[in-house]
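For reference, entry.cif (mmCIF, C-alpha atoms):
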```cif
data_structure
#
loop_
_atom_site.label_atom_id
_atom_site.label_comp_id
_atom_site.auth_asym_id
_atom_site.auth_seq_id
_atom_site.Cartn_x
_atom_site.Cartn_y
_atom_site.Cartn_z
CA MET A 8 1.07 -13.36 -39.26
CA SER A 9 -2.63 -13.82 -39.92
CA ALA A 10 -3.43 -10.57 -38.08
CA LYS A 11 -0.87 -8.75 -40.20
CA LYS A 12 -2.43 -10.12 -43.40
CA ASN A 13 -5.87 -9.08 -42.20
CA SER A 14 -4.66 -5.56 -41.44
CA LEU A 15 -3.08 -5.28 -44.89
CA SER A 16 -6.28 -6.62 -46.42
CA ASP A 17 -8.34 -4.07 -44.50
CA LEU A 18 -5.98 -1.29 -45.60
CA PHE A 19 -6.25 -2.42 -49.23
CA GLY A 20 -10.02 -2.46 -48.93
CA LYS A 21 -10.11 1.06 -47.51
CA ILE A 22 -7.87 2.35 -50.29
CA VAL A 23 -9.90 0.69 -53.05
CA ARG A 24 -13.15 2.06 -51.64
CA GLN A 25 -11.85 5.63 -51.86
CA GLN A 26 -13.49 7.48 -54.75
CA ILE A 27 -10.21 9.01 -55.85
CA PHE A 28 -8.55 5.57 -56.13
CA ILE A 29 -9.67 4.83 -59.72
CA PRO A 30 -8.48 8.05 -61.41
CA ILE A 31 -5.15 7.84 -59.56
CA ALA A 32 -4.78 4.16 -60.48
CA ALA A 33 -5.62 4.96 -64.11
CA LEU A 34 -3.05 7.76 -64.11
CA PHE A 35 -0.43 5.41 -62.66
CA ILE A 36 -1.18 2.67 -65.20
CA LEU A 37 -0.87 5.04 -68.16
CA LEU A 38 2.38 6.48 -66.82
CA LEU A 39 3.73 2.96 -66.20
CA PHE A 40 2.76 1.92 -69.73
CA ASN A 41 4.70 4.82 -71.21
CA LEU A 42 7.65 4.19 -68.90
CA ILE A 43 7.90 0.58 -70.07
CA PHE A 44 7.39 1.07 -73.79
CA ASP A 45 8.96 4.50 -74.27
CA PRO A 46 10.91 6.09 -71.39
CA GLY A 47 11.50 9.05 -73.69
CA PHE A 48 7.88 9.98 -73.09
CA PHE A 49 8.98 11.60 -69.83
CA VAL A 50 11.76 13.74 -71.31
CA ILE A 51 11.28 17.46 -70.69
CA THR A 52 13.51 19.92 -72.49
CA LEU A 53 14.10 23.62 -72.09
CA GLY A 54 14.28 25.41 -75.40
CA GLU A 55 13.28 28.68 -77.01
CA ASN A 56 10.20 29.71 -78.94
CA SER A 57 10.15 31.86 -82.07
CA ALA A 58 10.48 34.98 -79.94
CA GLY A 59 13.62 33.65 -78.24
CA ASP A 60 11.93 33.15 -74.85
CA PRO A 61 12.65 30.01 -72.77
CA VAL A 62 9.90 27.39 -72.92
CA LEU A 63 9.52 23.86 -71.59
CA SER A 64 8.46 21.15 -74.01
CA GLY A 65 7.74 17.44 -73.80
CA ASN A 66 4.82 15.05 -73.57
CA LEU A 67 4.16 15.72 -69.89
CA ILE A 68 4.16 19.47 -70.56
CA THR A 69 1.65 18.83 -73.34
CA VAL A 70 -0.57 16.89 -70.94
CA ILE A 71 -0.71 19.59 -68.27
CA ASN A 72 -0.97 22.32 -70.91
CA MET A 73 -3.66 20.88 -73.18
CA GLY A 74 -5.46 19.32 -70.21
CA SER A 75 -5.95 22.70 -68.56
CA GLU A 76 -9.18 23.57 -70.42
CA LEU A 77 -10.57 20.11 -69.73
CA ALA A 78 -9.74 20.36 -66.02
CA ILE A 79 -11.48 23.75 -65.82
CA LEU A 80 -14.59 22.39 -67.57
CA ALA A 81 -14.56 19.32 -65.31
CA ILE A 82 -15.04 21.63 -62.32
CA GLY A 83 -18.26 23.10 -63.71
CA MET A 84 -19.47 19.79 -65.15
CA THR A 85 -19.06 18.13 -61.74
CA PHE A 86 -21.35 20.69 -60.09
CA VAL A 87 -23.95 20.34 -62.86
CA THR A 88 -23.88 16.55 -62.70
CA ALA A 89 -24.10 16.46 -58.91
CA ALA A 90 -27.07 18.85 -58.70
CA SER A 91 -29.11 17.92 -61.78
CA GLY A 92 -28.28 14.25 -62.26
CA GLY A 93 -27.50 15.01 -65.89
CA GLN A 94 -24.81 16.50 -68.11
CA ASP A 95 -24.40 19.59 -70.27
CA ILE A 96 -23.50 18.53 -73.81
CA SER A 97 -23.36 22.10 -75.13
CA VAL A 98 -20.06 23.23 -73.61
CA GLY A 99 -18.13 22.85 -76.88
CA ALA A 100 -20.64 25.05 -78.73
CA ALA A 101 -20.71 27.46 -75.77
CA ILE A 102 -16.92 27.79 -75.99
CA ALA A 103 -17.33 28.71 -79.66
CA ILE A 104 -19.86 31.41 -78.70
CA ALA A 105 -17.77 32.79 -75.82
CA GLY A 106 -14.65 32.82 -78.00
CA SER A 107 -16.51 34.54 -80.83
CA VAL A 108 -17.83 37.22 -78.43
CA LEU A 109 -14.32 37.74 -77.07
CA LEU A 110 -12.95 38.36 -80.56
CA ARG A 111 -15.89 40.54 -81.56
CA VAL A 112 -15.41 42.85 -78.58
CA LEU A 113 -11.67 43.07 -79.20
CA CYS A 114 -11.83 43.54 -82.98
CA GLY A 115 -15.12 45.34 -83.56
CA ASP A 116 -15.88 45.55 -87.28
CA ASN A 117 -12.21 45.21 -88.23
CA THR A 118 -11.45 41.49 -88.38
CA ARG A 119 -7.72 42.08 -88.92
CA PRO A 120 -6.70 44.75 -86.41
CA ALA A 121 -3.02 45.58 -86.18
CA ALA A 122 -1.21 45.54 -82.86
CA GLY A 123 -2.39 48.48 -80.80
CA GLU A 124 -5.66 48.86 -82.75
CA LEU A 125 -7.87 46.68 -80.56
CA GLN A 126 -11.22 48.21 -79.59
CA THR A 127 -10.83 47.53 -75.87
CA SER A 128 -8.66 45.82 -73.28
CA PHE A 129 -8.38 42.06 -72.86
CA LEU A 130 -9.98 42.30 -69.42
CA VAL A 131 -13.11 44.07 -70.67
CA ALA A 132 -13.48 41.61 -73.55
CA PHE A 133 -13.07 38.68 -71.17
CA ILE A 134 -15.69 40.07 -68.76
CA VAL A 135 -18.18 40.46 -71.62
CA SER A 136 -17.39 36.91 -72.74
CA CYS A 137 -18.01 35.67 -69.17
CA ILE A 138 -21.37 37.46 -69.00
CA VAL A 139 -22.49 35.95 -72.32
CA ALA A 140 -21.32 32.45 -71.42
CA MET A 141 -23.00 32.66 -68.01
CA ALA A 142 -26.19 33.90 -69.70
CA PHE A 143 -26.27 30.84 -71.94
CA GLY A 144 -25.55 28.70 -68.89
CA ALA A 145 -28.47 30.41 -67.14
CA PHE A 146 -30.66 29.63 -70.16
CA ASN A 147 -29.79 25.93 -69.88
CA GLY A 148 -30.33 26.14 -66.13
CA VAL A 149 -33.83 27.57 -66.56
CA LEU A 150 -34.82 24.74 -68.91
CA VAL A 151 -33.54 22.15 -66.44
CA SER A 152 -34.54 23.64 -63.09
CA ILE A 153 -37.83 25.37 -63.90
CA PHE A 154 -39.17 23.48 -66.89
CA LYS A 155 -37.84 20.14 -65.60
CA ILE A 156 -36.31 19.17 -68.95
CA GLN A 157 -33.70 16.43 -68.77
CA PRO A 158 -30.25 18.15 -68.91
CA MET A 159 -28.96 16.39 -72.03
CA VAL A 160 -32.18 17.25 -73.90
CA ALA A 161 -32.20 20.83 -72.64
CA THR A 162 -28.59 21.46 -73.63
CA LEU A 163 -29.10 19.78 -76.99
CA ILE A 164 -30.65 23.07 -78.16
CA LEU A 165 -27.43 25.01 -77.67
CA TYR A 166 -25.36 22.04 -78.84
CA THR A 167 -27.22 22.18 -82.17
CA ALA A 168 -27.39 25.94 -82.66
CA GLY A 169 -24.34 27.19 -80.74
CA ARG A 170 -21.72 27.09 -83.48
CA SER A 171 -24.06 28.84 -85.92
CA ILE A 172 -24.64 31.55 -83.33
CA ALA A 173 -20.87 31.87 -82.89
CA ALA A 174 -20.38 32.33 -86.64
CA TRP A 175 -23.25 34.86 -86.81
CA ILE A 176 -21.68 37.01 -84.07
CA ASN A 177 -18.71 37.74 -86.34
CA ASN A 178 -20.68 37.71 -89.60
CA ASN A 179 -19.19 34.30 -90.43
CA GLU A 180 -15.73 35.85 -90.66
CA LEU A 181 -12.61 34.64 -88.85
CA PRO A 182 -11.05 37.51 -86.89
CA ILE A 183 -7.31 37.35 -86.36
CA ILE A 184 -5.55 39.23 -83.57
CA SER A 185 -1.94 40.06 -84.33
CA ASP A 186 -1.15 41.51 -80.90
CA PRO A 187 1.39 39.06 -79.40
CA GLU A 188 0.19 39.80 -75.86
CA PHE A 189 -3.13 38.10 -76.62
CA GLY A 190 -1.25 34.87 -77.23
CA TYR A 191 0.11 34.89 -73.68
CA PHE A 192 -3.13 33.44 -72.26
CA GLY A 193 -2.88 30.27 -74.34
CA GLY A 194 0.88 30.21 -74.75
CA PHE A 195 3.81 31.47 -72.69
CA ILE A 196 4.45 34.69 -70.84
CA PRO A 197 7.96 35.94 -71.77
CA GLY A 198 10.48 34.76 -69.22
CA ILE A 199 8.20 32.05 -67.78
CA PRO A 200 8.89 28.62 -69.36
CA VAL A 201 5.68 27.01 -68.04
CA PRO A 202 2.55 27.37 -70.24
CA THR A 203 0.15 30.04 -68.99
CA PRO A 204 -2.94 27.73 -69.14
CA VAL A 205 -1.37 25.70 -66.32
CA PHE A 206 -1.46 28.75 -64.03
CA ILE A 207 -5.01 29.60 -65.12
CA ALA A 208 -6.15 26.06 -64.31
CA ILE A 209 -4.44 26.19 -60.90
CA ALA A 210 -6.14 29.53 -60.17
CA CYS A 211 -9.54 28.01 -61.04
CA MET A 212 -8.84 25.04 -58.78
CA ILE A 213 -7.91 27.33 -55.90
CA VAL A 214 -11.10 29.38 -56.36
CA ALA A 215 -13.19 26.18 -56.47
CA ALA A 216 -11.47 24.86 -53.32
CA LEU A 217 -12.12 28.15 -51.49
CA VAL A 218 -15.77 28.13 -52.55
CA LEU A 219 -16.22 24.58 -51.24
CA LYS A 220 -14.39 25.38 -48.01
CA PHE A 221 -16.02 28.69 -47.09
CA THR A 222 -19.52 28.22 -48.53
CA ASN A 223 -22.17 25.51 -48.35
CA LEU A 224 -22.41 25.18 -52.13
CA GLY A 225 -20.92 21.69 -52.13
CA LEU A 226 -23.24 20.47 -49.38
CA TYR A 227 -26.32 22.03 -50.97
CA THR A 228 -25.44 20.67 -54.40
CA GLN A 229 -25.08 17.14 -53.05
CA ALA A 230 -28.29 17.43 -51.04
CA VAL A 231 -30.29 18.49 -54.10
CA GLY A 232 -28.72 15.75 -56.22
CA ILE A 233 -29.39 13.02 -53.66
CA ASN A 234 -33.02 13.94 -52.93
CA GLU A 235 -34.57 17.11 -54.28
CA ASN A 236 -37.76 16.82 -52.23
CA SER A 237 -35.92 16.26 -48.96
CA SER A 238 -33.61 19.22 -49.63
CA ARG A 239 -36.67 21.41 -50.20
CA LEU A 240 -38.17 20.29 -46.89
CA ASN A 241 -34.89 21.25 -45.23
CA GLY A 242 -35.17 24.83 -46.45
CA LEU A 243 -33.09 24.64 -49.65
CA ASN A 244 -34.15 25.95 -53.03
CA PRO A 245 -33.41 23.15 -55.53
CA VAL A 246 -34.44 25.30 -58.49
CA PHE A 247 -31.93 28.03 -57.66
CA ILE A 248 -29.11 25.59 -56.83
CA LYS A 249 -29.52 23.69 -60.11
CA TRP A 250 -29.67 26.97 -62.02
CA LEU A 251 -26.56 28.24 -60.22
CA THR A 252 -24.50 25.18 -61.18
CA PHE A 253 -25.20 25.82 -64.87
CA VAL A 254 -24.15 29.45 -64.44
CA ILE A 255 -20.91 28.29 -62.79
CA LEU A 256 -20.30 25.97 -65.73
CA GLY A 257 -20.87 28.94 -68.02
CA LEU A 258 -18.09 30.81 -66.22
CA CYS A 259 -15.78 27.81 -66.66
CA VAL A 260 -16.68 27.80 -70.36
CA ALA A 261 -15.62 31.45 -70.71
CA VAL A 262 -12.22 30.74 -69.13
CA ALA A 263 -11.70 27.73 -71.40
CA ALA A 264 -12.73 29.84 -74.41
CA LEU A 265 -10.11 32.48 -73.55
CA ILE A 266 -7.40 29.80 -73.57
CA LYS A 267 -8.68 28.14 -76.74
CA VAL A 268 -8.94 31.35 -78.77
CA SER A 269 -5.63 32.69 -77.44
CA ARG A 270 -3.77 29.60 -78.64
CA LEU A 271 -4.52 30.49 -82.28
CA SER A 272 -5.30 34.22 -81.92
CA SER A 273 -8.34 33.34 -84.03
CA ILE A 274 -11.26 30.92 -84.11
CA ASN A 275 -12.67 28.15 -86.26
CA TYR A 276 -16.33 27.87 -85.37
CA SER A 277 -16.85 24.27 -86.50
CA VAL A 278 -13.67 22.83 -85.00
CA ILE A 279 -12.89 24.73 -81.80
CA ALA A 280 -13.46 22.58 -78.69
CA LYS A 281 -15.00 19.85 -80.83
CA ASP A 282 -16.18 16.92 -78.66
CA ILE A 283 -14.67 18.49 -75.52
CA GLU A 284 -18.03 18.08 -73.78
CA MET A 285 -17.67 14.30 -74.07
CA ASP A 286 -14.20 14.42 -72.53
CA ALA A 287 -15.51 16.61 -69.70
CA ILE A 288 -18.31 14.15 -68.96
CA LEU A 289 -15.85 11.25 -69.08
CA ALA A 290 -13.58 13.09 -66.65
CA VAL A 291 -16.46 13.36 -64.18
CA ALA A 292 -17.35 9.69 -64.65
CA LEU A 293 -13.73 8.58 -64.38
CA GLY A 294 -13.54 10.48 -61.10
CA GLY A 295 -16.05 8.00 -59.70
CA ASN A 296 -18.85 10.57 -59.50
CA ALA A 297 -22.34 9.17 -60.01
CA LEU A 298 -23.71 10.53 -63.29
CA SER A 299 -27.17 10.33 -61.71
CA GLY A 300 -26.20 13.09 -59.26
CA GLY A 301 -25.50 13.38 -55.55
CA LYS A 302 -22.19 13.03 -53.78
CA PHE A 303 -19.15 14.20 -55.73
CA ASN A 304 -15.38 14.57 -55.46
CA LEU A 305 -14.13 17.61 -57.37
CA TRP A 306 -10.46 16.60 -57.16
CA ALA A 307 -11.23 13.16 -58.58
CA SER A 308 -12.88 14.85 -61.59
CA ILE A 309 -9.84 17.09 -62.11
CA ILE A 310 -7.49 14.11 -61.99
CA GLY A 311 -9.85 12.33 -64.39
CA ALA A 312 -9.50 15.26 -66.80
CA TYR A 313 -5.72 14.91 -66.86
CA VAL A 314 -6.05 11.13 -67.27
CA ILE A 315 -8.18 11.72 -70.39
CA GLN A 316 -5.56 14.14 -71.76
CA LEU A 317 -2.73 11.74 -70.90
CA LEU A 318 -4.57 9.00 -72.78
CA THR A 319 -5.05 11.29 -75.79
CA THR A 320 -1.38 12.34 -75.79
CA THR A 321 -0.27 8.69 -75.46
CA LEU A 322 -2.39 7.63 -78.43
CA PHE A 323 -1.00 10.47 -80.55
CA LYS A 324 2.50 9.50 -79.43
CA TYR A 325 2.02 6.03 -80.85
CA GLU A 326 0.69 7.49 -84.10
CA VAL A 327 -2.88 6.32 -83.76
CA PRO A 328 -4.79 7.83 -86.73
CA SER A 329 -6.89 10.80 -85.69
CA ASP A 330 -10.01 9.20 -87.19
CA ALA A 331 -9.51 6.10 -85.05
CA LEU A 332 -8.59 8.02 -81.91
CA PRO A 333 -12.14 8.19 -80.48
CA ALA A 334 -12.56 4.42 -80.85
CA TYR A 335 -9.33 3.63 -78.99
CA LYS A 336 -10.15 6.20 -76.34
CA ALA A 337 -13.68 4.82 -75.93
CA VAL A 338 -12.43 1.28 -75.25
CA VAL A 339 -9.97 2.42 -72.58
CA VAL A 340 -12.42 4.83 -70.99
CA ILE A 341 -15.16 2.18 -70.82
CA LEU A 342 -12.79 -0.09 -68.91
CA LEU A 343 -11.79 2.72 -66.56
CA VAL A 344 -15.39 3.78 -65.92
CA VAL A 345 -16.48 0.17 -65.28
CA PHE A 346 -13.70 -0.28 -62.73
CA SER A 347 -14.72 3.01 -61.12
CA ALA A 348 -18.26 1.75 -60.51
CA PRO A 349 -19.04 1.41 -56.77
CA THR A 350 -20.06 -2.25 -57.11
CA VAL A 351 -16.78 -3.15 -58.79
CA ARG A 352 -14.78 -1.26 -56.14
CA GLU A 353 -16.65 -3.12 -53.40
CA LYS A 354 -15.83 -6.47 -54.99
CA LEU A 355 -12.17 -5.49 -55.28
CA ALA A 356 -12.18 -4.40 -51.65
CA HIS A 357 -13.48 -7.79 -50.53
CA LEU A 358 -11.31 -9.75 -52.94
CA LYS A 359 -8.51 -10.26 -50.44
CA LYS A 360 -10.88 -10.83 -47.57
CA SER A 361 -12.58 -13.85 -49.12
CA PRO A 362 -9.65 -16.32 -48.85
CA ALA A 363 -9.10 -15.26 -45.24
CA ALA A 364 -12.79 -15.68 -44.44
CA LYS A 365 -12.90 -19.12 -46.02
CA LYS A 366 -9.80 -20.14 -44.09
CA GLY A 367 -11.42 -18.97 -40.85
CA VAL A 368 -14.56 -21.03 -41.56
CA ALA A 369 -12.47 -24.09 -42.36
#
```

Would you put the structure from the file into structure tokens?
Amino acid sequence: MSAKKNSLSDLFGKIVRQQIFIPIAALFILLLFNLIFDPGFFVITLGENSAGDPVLSGNLITVINMGSELAILAIGMTFVTAASGGQDISVGAAIAIAGSVLLRVLCGDNTRPAAGELQTSFLVAFIVSCIVAMAFGAFNGVLVSIFKIQPMVATLILYTAGRSIAAWINNNELPIISDPEFGYFGGFIPGIPVPTPVFIAIACMIVAALVLKFTNLGLYTQAVGINENSSRLNGLNPVFIKWLTFVILGLCVAVAALIKVSRLSSINYSVIAKDIEMDAILAVALGGNALSGGKFNLWASIIGAYVIQLLTTTLFKYEVPSDALPAYKAVVVILLVVFSAPTVREKLAHLKKSPAAKKGVA
């Protein structure tokens, strides 16, 4: 009996020590909370949108839909954090810039183009948006990797000026695209009841998984984050790797911008993606990744992103005032991040072993 208890205790310890344990546990706790206090939270209905197309709706659909941008950003933010030991706080402003460029390329000088009057295709506009977003990511990367500026300080420049740049790109006007096909990226494709951002997020995850599997980017990123000098002695180029992670984050920003702008077929420079950088950083932290850099778990960050969105949706469900939402979220996230700390996980892992050890000594 004692051996069985010890084996269960060892199993519990192994599970708790897994980095992905905390975000999964947090996800389970939030789902359990909603199941107890409002089982209707899990109801998913099939209805029709204004165009008469079938669409799924419900709180869980909202979580996976609205959490898509955050999950995509969490991928890039994880790489940046692992390599540089810091975070990019400019992603919200960068989304405003990328979204503004996207609309500018599509609309040209006409801020209210009719359907069929767009200046170019969606693909060309998206590619230009990607190039611009990656260029700004490269700018941040240069400040961090070459000039050795702490990431939060380096990205504070774009955080401060980004939304003004976004407004300047379109002469402080708010372009509106009336072409219904543009709304497919942030809404629903006719005949498919699942929101399109879900598929975009899945595609990004698959690309990230393939990159980690068939390249050494993950290994090099961790090596640079753990010890930059040692990685250099082993033939790596820490400057390039740090710079590359910011460029990758820029690409993630462009994808998130496409979804954000498509949802409204327009843009509000001061509001779009407001505070999303904080949620992206929290997703990385909630995934158990050290914010000081080094070893990372990309899937834990992605789960952390959906936990953040689930928390946000839950708070809205219970009619928490929008002004008070950040305070409620901060309290819960602090608890989750504390429990995700390695020292706390180690104590939990040994919690069940202590009584057994004391009994053995006695």

Which residues of range 201-232 of chain A have any atom within 9 Å of an atom in range 302-306 of chain A when counting only C-alpha atoms, and what is the closest pair of atoms for each, with the distance in Å to one decimal? Order the rows by chain and rising number and write it as a tab-separated table.
```
residue	atom	partner	partner_atom	distance
A:Met212	CA	A:Trp306	CA	8.7
A:Ala215	CA	A:Leu305	CA	8.7
A:Ala216	CA	A:Leu305	CA	8.7
A:Gly225	CA	A:Phe303	CA	8.5
A:Leu226	CA	A:Lys302	CA	8.7
A:Thr228	CA	A:Lys302	CA	8.3
A:Gln229	CA	A:Lys302	CA	5.1
A:Ala230	CA	A:Lys302	CA	8.0
A:Gly232	CA	A:Lys302	CA	7.5
```

Selected residue of minimal separation from Ile176 in chain A among A:Thr252, A:Asn236, A:Ser91, A:Ser107, counting only C-alpha atoms | A:Ser107

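Distance-wise, CA of Thr320 in chain A and CA of Pro197 in chain A end up 25.7 Å apart.
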
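Residues matched by the PyMOL selection byres ((chain A and resi 340) around 10) in this file: A:Ala33, A:Asp286, A:Leu289, A:Ala290, A:Ala292, A:Leu293, A:Val314, A:Ile315, A:Leu318, A:Ala334, A:Tyr335, A:Lys336, A:Ala337, A:Val338, A:Val339, A:Ile341, A:Leu342, A:Leu343, A:Val344, A:Val345, A:Phe346.
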
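The interatomic distance for the pair CA of Ala140 in chain A and CA of Ala210 in chain A works out to 19.1 Å.
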
Which protein, DNA or RNA residues have an atom at most 12 Å from (8.5, 24.5, -73.9), counting all atoms listed in the file? List them as a count of residues only.
-> 31

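For range 130-139 of chain A, the non-local neighbours within 7 Å, defined as residues at least 6 positions apart in the same chain or in other chains and counting all atoms listed in the file, are Ala105, Val108, Leu109, Val112, Leu113, Leu258 and Ala261 of chain A.
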
Would you write out, as CSV, a table of all residues in range 181-266 of chain A that have an atom no more than 12 Å from an atom of range 147-167 of chain A, listing for each the closest atom pair and the distance in Å to one decimal, considering all atoms listed in the file and ordering rows by chain and rising residue number?
```
residue,atom,partner,partner_atom,distance
A:Val231,CA,A:Ser152,CA,11.2
A:Gly232,CA,A:Ser152,CA,12.0
A:Glu235,CA,A:Ser152,CA,11.0
A:Asn244,CA,A:Ser152,CA,10.3
A:Pro245,CA,A:Ser152,CA,7.7
A:Val246,CA,A:Ser152,CA,4.9
A:Phe247,CA,A:Ser152,CA,7.5
A:Ile248,CA,A:Ser152,CA,8.5
A:Lys249,CA,A:Ser152,CA,5.8
A:Trp250,CA,A:Gly148,CA,4.2
A:Leu251,CA,A:Gly148,CA,7.3
A:Thr252,CA,A:Gly148,CA,7.7
A:Phe253,CA,A:Gly148,CA,5.3
A:Val254,CA,A:Gly148,CA,7.2
A:Ile255,CA,A:Gly148,CA,10.2
A:Leu256,CA,A:Gly148,CA,10.0
A:Gly257,CA,A:Asn147,CA,9.6
```

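A cut-off of 12 Å from the point (-24.4, 33.7, -85.7), with all atoms listed in the file, picks out the residues Ala100, Ala103, Ile104, Ala105, Ser107, Val108, Arg111, Ala168, Gly169, Arg170, Ser171, Ile172, Ala173, Ala174, Trp175, Ile176, Asn177, Asn178, Asn179, Glu180 and Tyr276 of chain A.
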
Those residues you just picked out, can you put them in a file as a short mmCIF file (atom, residue, chain, number, x, y, z; two decimals), in the frame of the given file with C-alpha atoms?
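selection18.cif, written as the output of this step:
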```
data_model
loop_
_atom_site.label_atom_id
_atom_site.label_comp_id
_atom_site.auth_asym_id
_atom_site.auth_seq_id
_atom_site.Cartn_x
_atom_site.Cartn_y
_atom_site.Cartn_z
CA ALA A 100 -20.64 25.05 -78.73
CA ALA A 103 -17.33 28.71 -79.66
CA ILE A 104 -19.86 31.41 -78.70
CA ALA A 105 -17.77 32.79 -75.82
CA SER A 107 -16.51 34.54 -80.83
CA VAL A 108 -17.83 37.22 -78.43
CA ARG A 111 -15.89 40.54 -81.56
CA ALA A 168 -27.39 25.94 -82.66
CA GLY A 169 -24.34 27.19 -80.74
CA ARG A 170 -21.72 27.09 -83.48
CA SER A 171 -24.06 28.84 -85.92
CA ILE A 172 -24.64 31.55 -83.33
CA ALA A 173 -20.87 31.87 -82.89
CA ALA A 174 -20.38 32.33 -86.64
CA TRP A 175 -23.25 34.86 -86.81
CA ILE A 176 -21.68 37.01 -84.07
CA ASN A 177 -18.71 37.74 -86.34
CA ASN A 178 -20.68 37.71 -89.60
CA ASN A 179 -19.19 34.30 -90.43
CA GLU A 180 -15.73 35.85 -90.66
CA TYR A 276 -16.33 27.87 -85.37
#
```

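For the atom pair formed by CA of Pro120 in chain A and CA of Ala280 in chain A, the distance is 24.4 Å, given to one decimal.
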
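Considering all atoms listed in the file, the residue among A:Gly99, A:Met141, A:Val87, A:Gly115 positioned nearest to Ala297 in chain A is A:Val87.
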
What's around range 121-126 of chain A at 6 Å? Count all atoms listed in the file, leave out sequence neighbours fewer than 5 positions away in its own chain, and write the answer as an mmCIF file with C-alpha atoms, in the coordinates of the input.
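What ended up in result-v3.cif:
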```cif
data_model
loop_
_atom_site.group_PDB
_atom_site.id
_atom_site.type_symbol
_atom_site.label_atom_id
_atom_site.label_comp_id
_atom_site.auth_asym_id
_atom_site.auth_seq_id
_atom_site.Cartn_x
_atom_site.Cartn_y
_atom_site.Cartn_z
ATOM 1 C CA LEU A 113 -11.670 43.070 -79.200
ATOM 2 C CA CYS A 114 -11.830 43.540 -82.980
ATOM 3 C CA SER A 185 -1.940 40.060 -84.330
ATOM 4 C CA ASP A 186 -1.150 41.510 -80.900
#
```

Box for range 289-300 of chain A - axis-aligned, 8 Å on each of the six sides, all listed atoms - centre and size in Å to one decimal, as lines of an AutoDock Vina configuration file.
```
center_x = -20.4
center_y = 10.7
center_z = -64.2
size_x = 29.6
size_y = 21.4
size_z = 25.8
```

Out of A:Val268, A:Ala263, A:Leu317, A:Ile213, which residue has the shortest atom-to-atom distance to Gly190 in chain A when counting only C-alpha atoms?
-> A:Val268

Apply the PyMOL selection byres ((chain A and resi 82) around 8) to the structure shown and report the selected residues as JSON, numbers by chain.
-> {"A": [78, 79, 80, 81, 83, 84, 85, 86, 212, 215, 256, 259, 305, 308, 309]}

Go ahead and save the residues from that selection, with C-alpha atoms, as a tab-separated table (two decimals), in the frame of the given file.
```
chain	number	residue	atom	x	y	z
A	78	ALA	CA	-9.74	20.36	-66.02
A	79	ILE	CA	-11.48	23.75	-65.82
A	80	LEU	CA	-14.59	22.39	-67.57
A	81	ALA	CA	-14.56	19.32	-65.31
A	83	GLY	CA	-18.26	23.10	-63.71
A	84	MET	CA	-19.47	19.79	-65.15
A	85	THR	CA	-19.06	18.13	-61.74
A	86	PHE	CA	-21.35	20.69	-60.09
A	212	MET	CA	-8.84	25.04	-58.78
A	215	ALA	CA	-13.19	26.18	-56.47
A	256	LEU	CA	-20.30	25.97	-65.73
A	259	CYS	CA	-15.78	27.81	-66.66
A	305	LEU	CA	-14.13	17.61	-57.37
A	308	SER	CA	-12.88	14.85	-61.59
A	309	ILE	CA	-9.84	17.09	-62.11
```

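With all atoms listed in the file as the basis for measurement, A:Val98 is the residue among A:Val98, A:Ala208, A:Leu34, A:Leu110 that approaches Lys281 in chain A most closely.
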
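Proximity to Arg239 in chain A was assessed for A:Ala58, A:Tyr227, A:Ile102, A:Leu322 counting only C-alpha atoms; the smallest distance is recorded for A:Tyr227.
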
Save range 123-132 of chain A from what I just supplied, as a compact mmCIF listing (two decimals), in the first residue's frame, atoms limited to N, CA and C atoms.
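Saved to decode.txt:
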```
# COMPACT_ATOMS: atom_id res chain seq x y z
N GLY A 123 -15.45 46.32 -55.26
CA GLY A 123 -14.90 46.20 -56.60
C GLY A 123 -14.00 47.36 -56.99
N GLU A 124 -13.85 48.37 -56.12
CA GLU A 124 -13.03 49.53 -56.43
C GLU A 124 -11.72 49.56 -55.64
N LEU A 125 -11.35 48.46 -55.03
CA LEU A 125 -10.12 48.41 -54.26
C LEU A 125 -8.92 48.54 -55.19
N GLN A 126 -7.84 49.13 -54.69
CA GLN A 126 -6.67 49.43 -55.50
C GLN A 126 -5.86 48.19 -55.85
N THR A 127 -5.95 47.16 -55.01
CA THR A 127 -5.18 45.94 -55.24
C THR A 127 -5.86 44.76 -54.56
N SER A 128 -5.26 43.60 -54.67
CA SER A 128 -5.85 42.41 -54.05
C SER A 128 -5.52 42.36 -52.57
N PHE A 129 -6.29 41.55 -51.83
CA PHE A 129 -6.05 41.38 -50.40
C PHE A 129 -4.67 40.79 -50.15
N LEU A 130 -4.23 39.89 -51.00
CA LEU A 130 -2.95 39.23 -50.81
C LEU A 130 -1.79 40.23 -50.92
N VAL A 131 -1.83 41.09 -51.93
CA VAL A 131 -0.77 42.08 -52.10
C VAL A 131 -0.74 43.03 -50.91
N ALA A 132 -1.91 43.48 -50.47
CA ALA A 132 -2.00 44.39 -49.33
C ALA A 132 -1.45 43.73 -48.07
```
